[in-house]
Structures are given as C-alpha cells and as structure tokens.
Amino acid sequence: MTPTVFLAILWFVMTSSSPSPDPVFDAEWQKWKMKYGKTYNLEEEGQKRAVWEENMKKIKLHNGENGLGKHGFTMEMNAFGDMTLEEFRKVMIEIPVPNVKKGKSVQKRLSVNLPKFINWKKRGYVTPVRKQSACNSCWAISVTGAIEGQMFRKTGQLIPLSVQNLVDCVGSSGCYSGSTMDALMYVMENGGLESEATYPYEDKEGSCRYNPENSTASIIGFEIVPNNEVDLMNAVASIGPISVAIDAWHESFLFYKRGIYYEPNCSSSALTHAVLLVGYGFIGRESEGRKYWIIKNSLGTKWGSKGYMKIARDQGNHCGIATEALFPRV
C-alpha cells in the first residue's frame with residue numbers, strides 16, 4: 001500500500017466517524033459562531049458542529065412541543081451550544097449542604113400578609129449579573145450577592161463586592177469546590193470583604209491578598225433557613241436576597257430561556273450550583289396559578305432571561321431550592 005493510498009483511507013475513516021453536518025443548519029451555525037466569537041481548527045470544527053447540531057435539535061424539539069404550553073418554559077441556543085452535557089457539568093460543583101449545628105438556624109416565621117409578588121432587583125438590592133466563566137465560583141457569587149443586598153438595606157449603597165476575595169481566601173480550591181456557609185464564616189471571622197473595585201475578578205485562583213484597609217462590607221453572623229418553601233418565602237419577603245443552591249445538571253437548565261422552569265429529573269438533594277434568590281410571584285390566579293421563584297444566575301446576561309430564571313415554586317422543593325438557603329446578618 002502506497003503512502004498516498006494509506007492517507008486517503010485514513011482521511012476517509014476520520015471523516016466518516018463523525019456524522020455529516022446537516023446543511024439545513026449551515027446559516028444558523030455560522031451566525032452562532034459569529035455571535036459568540038467561536039473559532040475552531042479543522043479537527044474541532046466537525047466535532048463541535050456535531051455537538052451543536054444535536055443540542056439545536058433538542059432545543060427545537062422542546063420548543064416545537066410548545067415549550068410554554070407543554071413544558072412551561074422555552075429553551076434557546078446560547079454560548080454553551082458546543083458543549084456536551086458532561087462538559088457542562090464540569091462547570092458545576094457539588095455544593096455541600098450546611099450542618100445546622102455549625103450555623104444558626106432561623107426559627108420558623110409564620111408571617112401573615114406577605115406580599116404576593118416581590119423582586120428585590122426592582123428595589124435596588126441586586127448588582128448586575130456576573131459571569132463566572134471557567135472558574136466555578138458560583139458559591140462565591142451567590143454569597144457576595146446576599147451580602148450586597150443586606151449592605152444596601154443597611155447603608156442605601158449598592159456596591160459590587162469581591163468574588164475573587166472569596167475564591168482566593170476561602171479554602172484552597174476556590175475554582176473547583178466551594179461552600180456558601182464557609183464563605184459566610186470567612187467574612188464574619190475575617191472582619192470584612194473587599195469590593196470588586198479593589199479586588200477584581202480574575203477567573204482563576206490566586207494567593208489571598210485581602211487588605212483590611214480596603215474592607216467594604218462586614219457581617220456579624222449568618223442564618224440558615226429551614227429547608228422548606230414556606231420558611232424560604234418568609235425569609236425572602238422579610239430579609240431580601242438569599243443565597244441558595246440547586247440541581248443544575250440538566251440540558252433544560254443549560255439552554256433555559258424564559259417561562260417557569262420545571263425539570264422532572266431534578267433532584268432536591270444533589271445540589272450542583274449556587275445562585276441568588278431575589279424574589280417570587282405567580283402567573284394566573286393566586287390559588288390556581290403557576291407559582292415561581294426568581295433566581296439570579298452567574299452565567300452572564302446572554303443566558304436565560306438576561307441572566308435570570310423563574311423556577312417552579314411549591315412543587316416539592318423543586319431542584320432543591322430550599323435545601324441550602326442562607327443569609328448574612330450585617
């Protein structure tokens with residue numbers, strides 16, 4: 001066999017091992033690459049296109065079944081379109097559930113006359129949506145968001161706090177593991193937290209460079225909300241934004257766009273992603289309507305509804321939203 005024939009056979013095997021791209025998606029593929037600045041070498045192009053096409057078909061199937069009607073939410077292709085579910089899951093981390101003995105558990109509050117709708121973002125308690133990028137810093141972003149809200153309640157000033165300060169100084173694997181409770185304990189015991197302005201986000205771990213002279217926020221303690229949605233609703237209504245964690249290991253979460261998110265395969269105990277709970281509401285009549293929580297995510301403004309999601313409320317602690325809820329005391 002001549003070298004030329006061998007190379008021809010090798011090329012045929014390599015190219016035939018990947019499914020041929022569907023020309024129907026050619027224009028959308030090129031438009032998507034331009035929108036998100038995606039560039040690949042010759043070998044990557046076919047692999048990424050195949051993954052992207054598979055994701056696109058799943059999204060179109062979901063929405064074609066009337067996403068808002070049958071499923072309650074719609075999906076949309078986004079920057080994660082060339083990732084498999086396994087690759088996306090690497091962006092997530094396991095969020096440990098707090099040991100109540102280590103923190104103070106909130107006594108059950110049975111408030112009456114709670115507001116039917118609340119959105120702390122509209123009341124000035126919430127800073128702009130962040131993008132965690134390659135560093136799995138969701139736990140730190142969730143905690144800074146909760147502290148930012150309480151500092152605003154106390155001072156009337158909304159100042160973005162340093163996620164990097166927590167990534168560098170809490171534990172030793174800030175981009176690969178994290179605990180919202182450990183982060184709050186650090187801020188409480190450390191005496192403060194710097195702002196984003198003095199300790200900017202770097203999307204990687206570094207040495208702890210906290211400077212007490214630059215401390216912008218401090219807390220005197222934190223509380224753990226009992227893991228049920230009644231107490232969580234009371235806490236959100238009376239306190240403000242709450243740090244929570246959810247199960248986000250699903251394609252439906254990855255490509256969520258709008259509507260009330262409900263994933264039948266969601267777990268209430270396998271928590272993989274920390275977010276900030278900023279409100280709640282319902283659609284339709286209150287007694288019969290579809291209830292939801294409002295969460296602020298950390299995947300940038302091009303994910304979901306400008307970085308936010310409505311997730312099913314009063315559906316058996318859906319995706320574990322009430323399993324690990326904490327808030328700081330300032």
# chains A, B, ... in the order shown; residues from 1 in each chain; ligands from 1

call {"tool": "select_by_dssp", "arguments": {"residues": "segment 50-269 of chain A", "states": "strand (DSSP E)", "output": "ChimeraX atom specification"}}
result
/A:73-75,104-105,118-119,193-194,215-217,221-225,242-246,256-261

call {"tool": "select_by_dssp", "arguments": {"residues": "segment 229-302 of chain A", "states": "helix (DSSP H, G or I)", "output": "ChimeraX atom specification"}}
result
/A:229-238,251-254

call {"tool": "residues_around", "arguments": {"residues": "segment 155-172 of chain A", "least_positions_apart": "6", "cutoff": "10 Å", "atoms": "only C-alpha atoms", "output": "VMD selection string"}}
result
chain A and resid 124 to 128 130 132 135 to 145 147 to 149 178 to 180 182 to 187 190 193 to 211 215 to 217

call {"tool": "closest_residue", "arguments": {"among": "A:Ile59, A:Leu299, A:Ile118, A:Val51", "to": "Ser133 of chain A", "atoms": "only C-alpha atoms"}}
result
A:Leu299

call {"tool": "atom_distance", "arguments": {"atom1": "atom CA of Lys154 of chain A", "atom2": "atom CA of Trp293 of chain A"}}
result
24.4 Å

call {"tool": "residues_around", "arguments": {"residues": "segment 61-66 of chain A", "least_positions_apart": "3", "cutoff": "12 Å", "atoms": "only C-alpha atoms", "output": "list of chain:residue names"}}
result
A:Glu54, A:Asn55, A:Met56, A:Lys57, A:Lys58, A:Gly69, A:Lys70, A:His71, A:Gly72, A:Phe73, A:Thr74, A:Met75, A:Glu76, A:Met77, A:Glu251, A:Ser252, A:Phe255, A:Tyr256, A:Lys257, A:Arg258, A:Gly259

call {"tool": "residues_around", "arguments": {"residues": "Glu94 of chain A", "least_positions_apart": "2", "cutoff": "12 Å", "atoms": "only C-alpha atoms", "output": "short mmCIF file (atom, residue, chain, number, x, y, z; two decimals) with all heavy atoms, in the first residue's frame"}}
result
data_model
loop_
_atom_site.label_atom_id
_atom_site.label_comp_id
_atom_site.auth_asym_id
_atom_site.auth_seq_id
_atom_site.Cartn_x
_atom_site.Cartn_y
_atom_site.Cartn_z
N ARG A 89 -21.39 19.88 32.88
CA ARG A 89 -21.41 19.51 34.29
C ARG A 89 -20.08 19.79 34.98
O ARG A 89 -20.03 19.95 36.20
CB ARG A 89 -21.78 18.03 34.43
CG ARG A 89 -23.27 17.78 34.16
CD ARG A 89 -23.63 16.31 34.23
NE ARG A 89 -25.07 16.12 34.16
CZ ARG A 89 -25.69 14.94 34.16
NH1 ARG A 89 -24.96 13.84 34.22
NH2 ARG A 89 -27.00 14.88 34.11
N LYS A 90 -19.01 19.85 34.20
CA LYS A 90 -17.72 20.18 34.78
C LYS A 90 -17.66 21.64 35.22
O LYS A 90 -16.79 22.03 35.99
CB LYS A 90 -16.59 19.88 33.78
CG LYS A 90 -16.41 18.40 33.51
CD LYS A 90 -15.30 18.16 32.50
CE LYS A 90 -15.15 16.66 32.21
NZ LYS A 90 -14.10 16.40 31.20
N VAL A 91 -18.57 22.46 34.68
CA VAL A 91 -18.66 23.86 35.08
C VAL A 91 -19.32 23.98 36.45
O VAL A 91 -19.18 25.00 37.13
CB VAL A 91 -19.45 24.68 34.02
CG1 VAL A 91 -19.59 26.13 34.41
CG2 VAL A 91 -18.78 24.55 32.65
N MET A 92 -20.03 22.94 36.84
CA MET A 92 -20.74 22.93 38.11
C MET A 92 -19.91 22.23 39.18
O MET A 92 -18.98 21.48 38.88
CB MET A 92 -22.09 22.23 37.96
CG MET A 92 -22.98 22.83 36.91
SD MET A 92 -23.47 24.52 37.32
CE MET A 92 -24.04 25.11 35.72
N PRO A 96 -21.99 21.63 49.19
CA PRO A 96 -22.29 20.89 50.43
C PRO A 96 -23.47 21.52 51.17
O PRO A 96 -23.60 22.73 51.25
CB PRO A 96 -21.00 21.01 51.24
CG PRO A 96 -20.32 22.23 50.72
CD PRO A 96 -20.68 22.31 49.26
N VAL A 97 -24.33 20.67 51.68
CA VAL A 97 -25.48 21.14 52.47
C VAL A 97 -24.98 21.48 53.87
O VAL A 97 -24.26 20.69 54.48
CB VAL A 97 -26.58 20.06 52.54
CG1 VAL A 97 -27.73 20.53 53.41
CG2 VAL A 97 -27.06 19.73 51.14
N ASN A 136 -15.24 27.91 38.65
CA ASN A 136 -16.53 27.50 39.24
C ASN A 136 -16.79 28.27 40.54
O ASN A 136 -16.81 27.70 41.63
CB ASN A 136 -16.53 26.00 39.51
CG ASN A 136 -16.32 25.18 38.25
OD1 ASN A 136 -16.40 25.72 37.15
ND2 ASN A 136 -16.07 23.91 38.41
N SER A 137 -17.01 29.55 40.40
CA SER A 137 -17.13 30.44 41.56
C SER A 137 -18.56 30.78 41.92
O SER A 137 -18.81 31.77 42.60
CB SER A 137 -16.35 31.73 41.29
OG SER A 137 -16.83 32.37 40.11
N CYS A 138 -19.52 29.95 41.48
CA CYS A 138 -20.93 30.25 41.74
C CYS A 138 -21.20 30.46 43.23
O CYS A 138 -21.99 31.33 43.61
CB CYS A 138 -21.82 29.16 41.18
SG CYS A 138 -21.54 27.52 41.90
N TRP A 139 -20.57 29.66 44.07
CA TRP A 139 -20.78 29.75 45.52
C TRP A 139 -20.37 31.12 46.06
O TRP A 139 -21.04 31.69 46.92
CB TRP A 139 -19.98 28.65 46.23
CG TRP A 139 -18.50 28.69 45.94
CD1 TRP A 139 -17.85 28.17 44.85
CD2 TRP A 139 -17.50 29.35 46.71
NE1 TRP A 139 -16.51 28.45 44.90
CE2 TRP A 139 -16.26 29.15 46.03
CE3 TRP A 139 -17.51 30.06 47.91
CZ2 TRP A 139 -15.05 29.67 46.53
CZ3 TRP A 139 -16.31 30.56 48.40
CH2 TRP A 139 -15.10 30.37 47.72
N CYS A 175 -11.83 27.48 42.70
CA CYS A 175 -12.42 27.31 41.38
C CYS A 175 -12.90 25.88 41.15
O CYS A 175 -13.44 25.58 40.09
CB CYS A 175 -11.41 27.69 40.29
SG CYS A 175 -11.21 29.47 40.05
N TYR A 176 -12.69 25.00 42.11
CA TYR A 176 -13.04 23.60 41.92
C TYR A 176 -13.97 23.06 43.01
O TYR A 176 -14.54 22.00 42.86
CB TYR A 176 -11.77 22.75 41.86
CG TYR A 176 -10.87 23.15 40.73
CD1 TYR A 176 -9.81 24.03 40.95
CD2 TYR A 176 -11.10 22.71 39.44
CE1 TYR A 176 -8.99 24.44 39.90
CE2 TYR A 176 -10.29 23.12 38.38
CZ TYR A 176 -9.24 23.98 38.63
OH TYR A 176 -8.45 24.39 37.59
N SER A 177 -14.12 23.79 44.07
CA SER A 177 -15.05 23.41 45.12
C SER A 177 -15.37 24.68 45.92
O SER A 177 -14.63 25.65 45.86
CB SER A 177 -14.46 22.34 46.04
OG SER A 177 -13.34 22.86 46.74
N GLY A 178 -16.46 24.63 46.64
CA GLY A 178 -16.82 25.81 47.41
C GLY A 178 -18.02 25.58 48.29
O GLY A 178 -18.88 24.75 47.98
N SER A 179 -18.09 26.30 49.37
CA SER A 179 -19.19 26.19 50.31
C SER A 179 -19.70 27.59 50.64
O SER A 179 -18.92 28.46 51.05
CB SER A 179 -18.72 25.50 51.60
OG SER A 179 -19.62 25.73 52.66
N THR A 180 -20.98 27.81 50.45
CA THR A 180 -21.55 29.11 50.76
C THR A 180 -21.45 29.41 52.25
O THR A 180 -21.21 30.55 52.65
CB THR A 180 -23.02 29.17 50.31
OG1 THR A 180 -23.74 28.05 50.83
CG2 THR A 180 -23.13 29.16 48.79
N ALA A 245 -28.90 27.03 46.69
CA ALA A 245 -28.24 26.13 45.75
C ALA A 245 -29.28 25.24 45.12
O ALA A 245 -30.32 24.94 45.73
CB ALA A 245 -27.18 25.30 46.45
N ILE A 246 -29.03 24.81 43.88
CA ILE A 246 -29.98 23.98 43.14
C ILE A 246 -29.26 22.88 42.37
O ILE A 246 -28.04 22.90 42.22
CB ILE A 246 -30.81 24.83 42.15
CG1 ILE A 246 -29.88 25.55 41.17
CG2 ILE A 246 -31.70 25.82 42.88
CD1 ILE A 246 -30.61 26.30 40.07
N ASP A 247 -30.06 21.95 41.88
CA ASP A 247 -29.56 20.92 40.96
C ASP A 247 -29.66 21.50 39.55
O ASP A 247 -30.74 21.71 39.04
CB ASP A 247 -30.42 19.65 41.09
CG ASP A 247 -30.11 18.63 40.00
OD1 ASP A 247 -29.02 18.70 39.41
OD2 ASP A 247 -30.96 17.75 39.76
N ALA A 248 -28.51 21.74 38.92
CA ALA A 248 -28.49 22.35 37.59
C ALA A 248 -27.87 21.44 36.53
O ALA A 248 -27.46 21.92 35.48
CB ALA A 248 -27.73 23.68 37.65
N TRP A 249 -27.81 20.15 36.79
CA TRP A 249 -27.13 19.21 35.88
C TRP A 249 -28.03 18.74 34.74
O TRP A 249 -28.12 17.55 34.49
CB TRP A 249 -26.63 18.01 36.67
CG TRP A 249 -25.30 18.23 37.29
CD1 TRP A 249 -24.77 19.39 37.75
CD2 TRP A 249 -24.31 17.23 37.55
NE1 TRP A 249 -23.53 19.19 38.28
CE2 TRP A 249 -23.21 17.88 38.18
CE3 TRP A 249 -24.23 15.87 37.33
CZ2 TRP A 249 -22.06 17.19 38.56
CZ3 TRP A 249 -23.09 15.18 37.72
CH2 TRP A 249 -22.02 15.85 38.32
N SER A 269 -31.75 17.08 46.49
CA SER A 269 -30.63 16.88 47.41
C SER A 269 -29.26 16.97 46.74
O SER A 269 -28.28 17.33 47.37
CB SER A 269 -30.76 15.53 48.13
OG SER A 269 -30.81 14.47 47.19
N ALA A 270 -29.19 16.63 45.45
CA ALA A 270 -27.91 16.68 44.73
C ALA A 270 -27.71 18.09 44.19
O ALA A 270 -28.02 18.39 43.04
CB ALA A 270 -27.89 15.66 43.60
N LEU A 271 -27.20 18.96 45.03
CA LEU A 271 -27.05 20.37 44.66
C LEU A 271 -25.72 20.59 43.95
O LEU A 271 -24.66 20.20 44.43
CB LEU A 271 -27.13 21.25 45.91
CG LEU A 271 -28.35 20.98 46.81
CD1 LEU A 271 -28.32 21.89 48.03
CD2 LEU A 271 -29.65 21.18 46.02
N THR A 272 -25.77 21.26 42.80
CA THR A 272 -24.57 21.42 41.98
C THR A 272 -24.24 22.87 41.64
O THR A 272 -23.19 23.12 41.04
CB THR A 272 -24.74 20.65 40.66
OG1 THR A 272 -25.90 21.14 39.96
CG2 THR A 272 -24.93 19.16 40.92
N HIS A 273 -25.11 23.80 42.00
CA HIS A 273 -24.90 25.17 41.54
C HIS A 273 -25.54 26.16 42.51
O HIS A 273 -26.71 26.02 42.86
CB HIS A 273 -25.53 25.32 40.15
CG HIS A 273 -25.22 26.59 39.44
ND1 HIS A 273 -23.93 27.06 39.25
CD2 HIS A 273 -26.04 27.52 38.86
CE1 HIS A 273 -23.97 28.20 38.58
NE2 HIS A 273 -25.24 28.49 38.34
N ALA A 274 -24.77 27.13 42.96
CA ALA A 274 -25.29 28.16 43.87
C ALA A 274 -25.77 29.37 43.07
O ALA A 274 -25.12 29.78 42.11
CB ALA A 274 -24.21 28.57 44.87
#

call {"tool": "atom_distance", "arguments": {"atom1": "atom CA of Ala325 of chain A", "atom2": "atom CA of Phe117 of chain A"}}
result
19.4 Å

call {"tool": "atom_distance", "arguments": {"atom1": "atom CA of Asn317 of chain A", "atom2": "atom CA of Met151 of chain A"}}
result
28.4 Å

call {"tool": "closest_residue", "arguments": {"among": "A:Arg329, A:Glu263, A:Ile95, A:Met188", "to": "Val275 of chain A", "atoms": "only C-alpha atoms"}}
result
A:Ile95

call {"tool": "closest_residue", "arguments": {"among": "A:Ser243, A:Asn214, A:Ser267, A:Ser20", "to": "Lys48 of chain A", "atoms": "only C-alpha atoms"}}
result
A:Ser20

call {"tool": "residues_around", "arguments": {"residues": "segment 28-42 of chain A", "least_positions_apart": "6", "cutoff": "10 Å", "atoms": "only C-alpha atoms", "output": "JSON, numbers by chain"}}
result
{"A": [48, 49, 52, 53, 56, 77, 78, 79, 80, 81, 82, 302]}

call {"tool": "closest_residue", "arguments": {"among": "A:Tyr308, A:Phe327, A:Trp303, A:Trp120", "to": "Leu232 of chain A", "atoms": "only C-alpha atoms"}}
result
A:Phe327

call {"tool": "closest_residue", "arguments": {"among": "A:Phe253, A:Ile93, A:Val129, A:Lys116", "to": "Leu276 of chain A", "atoms": "only C-alpha atoms"}}
result
A:Val129

call {"tool": "closest_residue", "arguments": {"among": "A:Leu326, A:Cys319, A:Ile242, A:Ala134", "to": "Asn265 of chain A", "atoms": "only C-alpha atoms"}}
result
A:Cys319
